[in-house]
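Enquirer: Can you read through this structure? Questions will come right after.
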Amino acid sequence: MPLIRIDGDDLVVVIEGLDKLWSFKGSLTIPLANVRGATADPGIASEPKGIRAPGSRVPGVITAGTFHQDGEKVFWDVRDPSKAVVIELADERYARLVLQVDDPRATVALVENALA
Amino acid sequence: MRAAVGLFGGRAYDGVSVDDLVTHLGVHRNSLYKTFGSKRGLYLIALRRHLADDVRPLLDALAGESDAAAALRLITSADLGLLLLAAIERAPVDEEVASEVTAALTAVDQAIADALGVPADMATALTAAALGILLRGNPDNAVNALAQRLVPLT
């Protein structure tokens, strides 16, 4: 499961354990200026995700890595969709991040308050 | 956007899921995120729309009303669902919501003060009473009782 923290003016996402392998990614650092908002969204996992490259997807088990859809790149690291948080970005390689977190409500508050 | 105003005005913020928004607004999930950034971003725009569409006309109507009972009835019959929910639920945890709500309520106070020619603190008390009556859902009897006591004031 990815860990999300605010480090100065950056949002830092650390991918942990084997998910590093599945997602081909160790961590992401994004300036808060390029973060538009965060939303708890359990329903997003049931939508089409596009084509993955590179990454892994075992339906019902894990969605991890970079997915391409409608000309956008979306980074996923989700096993349990009920805990998915969507972080919308601007002027970044990824249009948005879809991450599973321990406490979606707390993560949304953390990110939104950092933007305020 | 009116659909979003209706959704957010009808139930708790956490009770409105992104699935609900996607379904009722008829937009794709990705474009919802692209356009508004987050559910909160959409909520803020819906709240401002509510203030423009529902509270602004109330202020205009109040401006033309010099009768206390009629002014109170304008408030108790207005569609203020999202404003009230925002005041109770979101303003305590969201500064931007809090400042929108405070500005809107202050504007209502000011409209009452100007229309009825009462002092600012009395106007604030009247707005509070009218919103309370709206919440209690017993507009007419309570408004009449209050208005009778107001005659000497105005």
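Ligands are numbered from 1 in the order shown, chains are lettered A, B, ... in the order of the structure tokens, and residues start at 1 in each chain.
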Quick check for you: according to DSSP on this backbone, which residues of segment 11-98 of chain A are classed as alpha helix (DSSP H)? Reply as number ranges by chain.
Expert: A: 19-23
Enquirer: What would the file look like if the residues just selected were written as a PDB file, in the first residue's frame with C-alpha atoms?
Expert:
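Result went into result.pdb, see below:
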ATOM      1  CA  ASP A  19       3.723  -3.205  -5.031  1.00  0.00           C
ATOM      2  CA  LYS A  20       7.003  -1.579  -6.046  1.00  0.00           C
ATOM      3  CA  LEU A  21       7.523  -4.560  -8.292  1.00  0.00           C
ATOM      4  CA  TRP A  22       3.988  -4.662  -9.694  1.00  0.00           C
ATOM      5  CA  SER A  23       3.874  -0.938 -10.368  1.00  0.00           C
TER       6      SER A  23
END
Enquirer: When DSSP is applied to the backbone of this structure, which of segment 44-115 of chain A are assigned strand (DSSP E)? Write them out as number ranges by chain.
Expert: A: 51-58, 62-69, 72-78, 84-89, 96-100
Enquirer: Write a file of the selected residues as a compact mmCIF listing (two decimals), in the first residue's frame, keeping N, CA and C atoms.
Expert:
# COMPACT_ATOMS: atom_id res chain seq x y z
N ILE A 51 -5.18 0.98 -20.96
CA ILE A 51 -4.14 -0.01 -21.25
C ILE A 51 -2.96 0.21 -20.33
N ARG A 52 -2.47 -0.86 -19.71
CA ARG A 52 -1.39 -0.68 -18.76
C ARG A 52 -0.03 -0.86 -19.43
N ALA A 53 0.89 0.00 -19.08
CA ALA A 53 2.27 -0.11 -19.59
C ALA A 53 3.13 0.94 -18.92
N PRO A 54 4.06 0.61 -18.07
CA PRO A 54 4.25 -0.73 -17.55
C PRO A 54 3.43 -0.90 -16.30
N GLY A 55 3.15 -2.13 -15.92
CA GLY A 55 2.38 -2.35 -14.71
C GLY A 55 1.73 -3.71 -14.70
N SER A 56 0.87 -3.94 -13.73
CA SER A 56 0.28 -5.25 -13.56
C SER A 56 -1.19 -5.09 -13.23
N ARG A 57 -1.98 -5.99 -13.73
CA ARG A 57 -3.37 -5.97 -13.32
C ARG A 57 -3.88 -7.38 -13.26
N VAL A 58 -4.25 -7.80 -12.08
CA VAL A 58 -4.94 -9.07 -11.91
C VAL A 58 -6.33 -8.71 -11.39
N ILE A 62 -5.16 -6.93 -7.84
CA ILE A 62 -4.35 -5.71 -7.78
C ILE A 62 -4.40 -4.96 -9.10
N THR A 63 -4.40 -3.64 -9.00
CA THR A 63 -4.21 -2.78 -10.15
C THR A 63 -3.04 -1.88 -9.79
N ALA A 64 -1.94 -2.01 -10.50
CA ALA A 64 -0.76 -1.24 -10.14
C ALA A 64 0.03 -0.87 -11.38
N GLY A 65 0.51 0.37 -11.39
CA GLY A 65 1.36 0.82 -12.49
C GLY A 65 0.73 1.93 -13.29
N THR A 66 1.25 2.13 -14.48
CA THR A 66 0.83 3.23 -15.34
C THR A 66 -0.22 2.74 -16.33
N PHE A 67 -1.34 3.41 -16.38
CA PHE A 67 -2.40 3.05 -17.33
C PHE A 67 -2.67 4.22 -18.26
N HIS A 68 -2.89 3.90 -19.53
CA HIS A 68 -3.12 4.93 -20.53
C HIS A 68 -4.58 4.89 -20.95
N GLN A 69 -5.23 6.05 -20.85
CA GLN A 69 -6.64 6.11 -21.25
C GLN A 69 -6.96 7.50 -21.77
N GLU A 72 -4.49 10.13 -21.55
CA GLU A 72 -3.97 10.48 -20.24
C GLU A 72 -3.25 9.30 -19.63
N LYS A 73 -2.27 9.63 -18.77
CA LYS A 73 -1.62 8.58 -18.00
C LYS A 73 -2.12 8.65 -16.57
N VAL A 74 -2.51 7.50 -16.06
CA VAL A 74 -3.00 7.44 -14.68
C VAL A 74 -2.19 6.39 -13.94
N PHE A 75 -1.68 6.77 -12.75
CA PHE A 75 -0.92 5.81 -11.95
C PHE A 75 -1.83 5.16 -10.91
N TRP A 76 -1.82 3.83 -10.90
CA TRP A 76 -2.68 3.09 -9.96
C TRP A 76 -1.82 2.27 -8.99
N ASP A 77 -2.26 2.21 -7.75
CA ASP A 77 -1.74 1.19 -6.82
C ASP A 77 -2.87 0.86 -5.84
N VAL A 78 -3.72 -0.06 -6.24
CA VAL A 78 -4.93 -0.37 -5.48
C VAL A 78 -5.16 -1.87 -5.43
N ALA A 84 -9.76 3.49 -2.01
CA ALA A 84 -9.08 4.23 -3.08
C ALA A 84 -9.27 5.73 -2.93
N VAL A 85 -8.19 6.47 -3.13
CA VAL A 85 -8.22 7.93 -3.14
C VAL A 85 -7.68 8.39 -4.50
N VAL A 86 -8.36 9.37 -5.10
CA VAL A 86 -7.94 9.90 -6.39
C VAL A 86 -7.28 11.26 -6.17
N ILE A 87 -6.05 11.39 -6.61
CA ILE A 87 -5.34 12.67 -6.50
C ILE A 87 -5.16 13.22 -7.91
N GLU A 88 -5.81 14.35 -8.16
CA GLU A 88 -5.78 14.95 -9.50
C GLU A 88 -4.59 15.89 -9.60
N LEU A 89 -3.84 15.76 -10.71
CA LEU A 89 -2.63 16.56 -10.90
C LEU A 89 -2.76 17.47 -12.12
N ARG A 96 -3.56 11.76 -13.09
CA ARG A 96 -4.02 11.53 -11.71
C ARG A 96 -3.42 10.26 -11.15
N LEU A 97 -3.46 10.19 -9.82
CA LEU A 97 -2.99 9.00 -9.12
C LEU A 97 -4.20 8.37 -8.45
N VAL A 98 -4.31 7.06 -8.55
CA VAL A 98 -5.36 6.35 -7.83
C VAL A 98 -4.66 5.41 -6.86
N LEU A 99 -4.76 5.72 -5.56
CA LEU A 99 -3.95 5.03 -4.56
C LEU A 99 -4.82 4.48 -3.44
N GLN A 100 -4.48 3.29 -3.01
CA GLN A 100 -5.14 2.75 -1.82
C GLN A 100 -4.42 3.25 -0.58
Enquirer: Please determine, counting only C-alpha atoms, which residue among B:Val93, B:Leu126, B:Val5, B:Leu150 has the shortest atom-to-atom distance to chain A.
Expert: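 Answer, going by the shortest atom-to-atom distance: B:Val93.
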Enquirer: Just want the 12 Å neighbourhood of Pro104 of chain A, counted on only C-alpha atoms, with same-chain residues fewer than 4 positions away dropped. Output as a PyMOL selection string.
Expert: (chain A and resi 2-4+38-42+80-87+98-100+108-111) or (chain B and resi 14)
Enquirer: So, counting only C-alpha atoms, which residue among A:Ala95, A:Pro59, A:Asp102, A:Ala90 is closest to Arg36 of chain A?
Expert: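 Closest residue, counting only C-alpha atoms: A:Ala90.
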Enquirer: Could you name the residues that touch Asp10 of chain A at 10 Å or less, counting only C-alpha atoms, but leaving out those on the same chain fewer than 5 positions away, as a ChimeraX atom specification?
Expert: /A:5,28-35,114
Enquirer: Quick one: pull the distance between atom CA of Ile75 of chain B and atom CA of Ala46 of chain B, Å, one decimal.
Expert: 20.4 Å
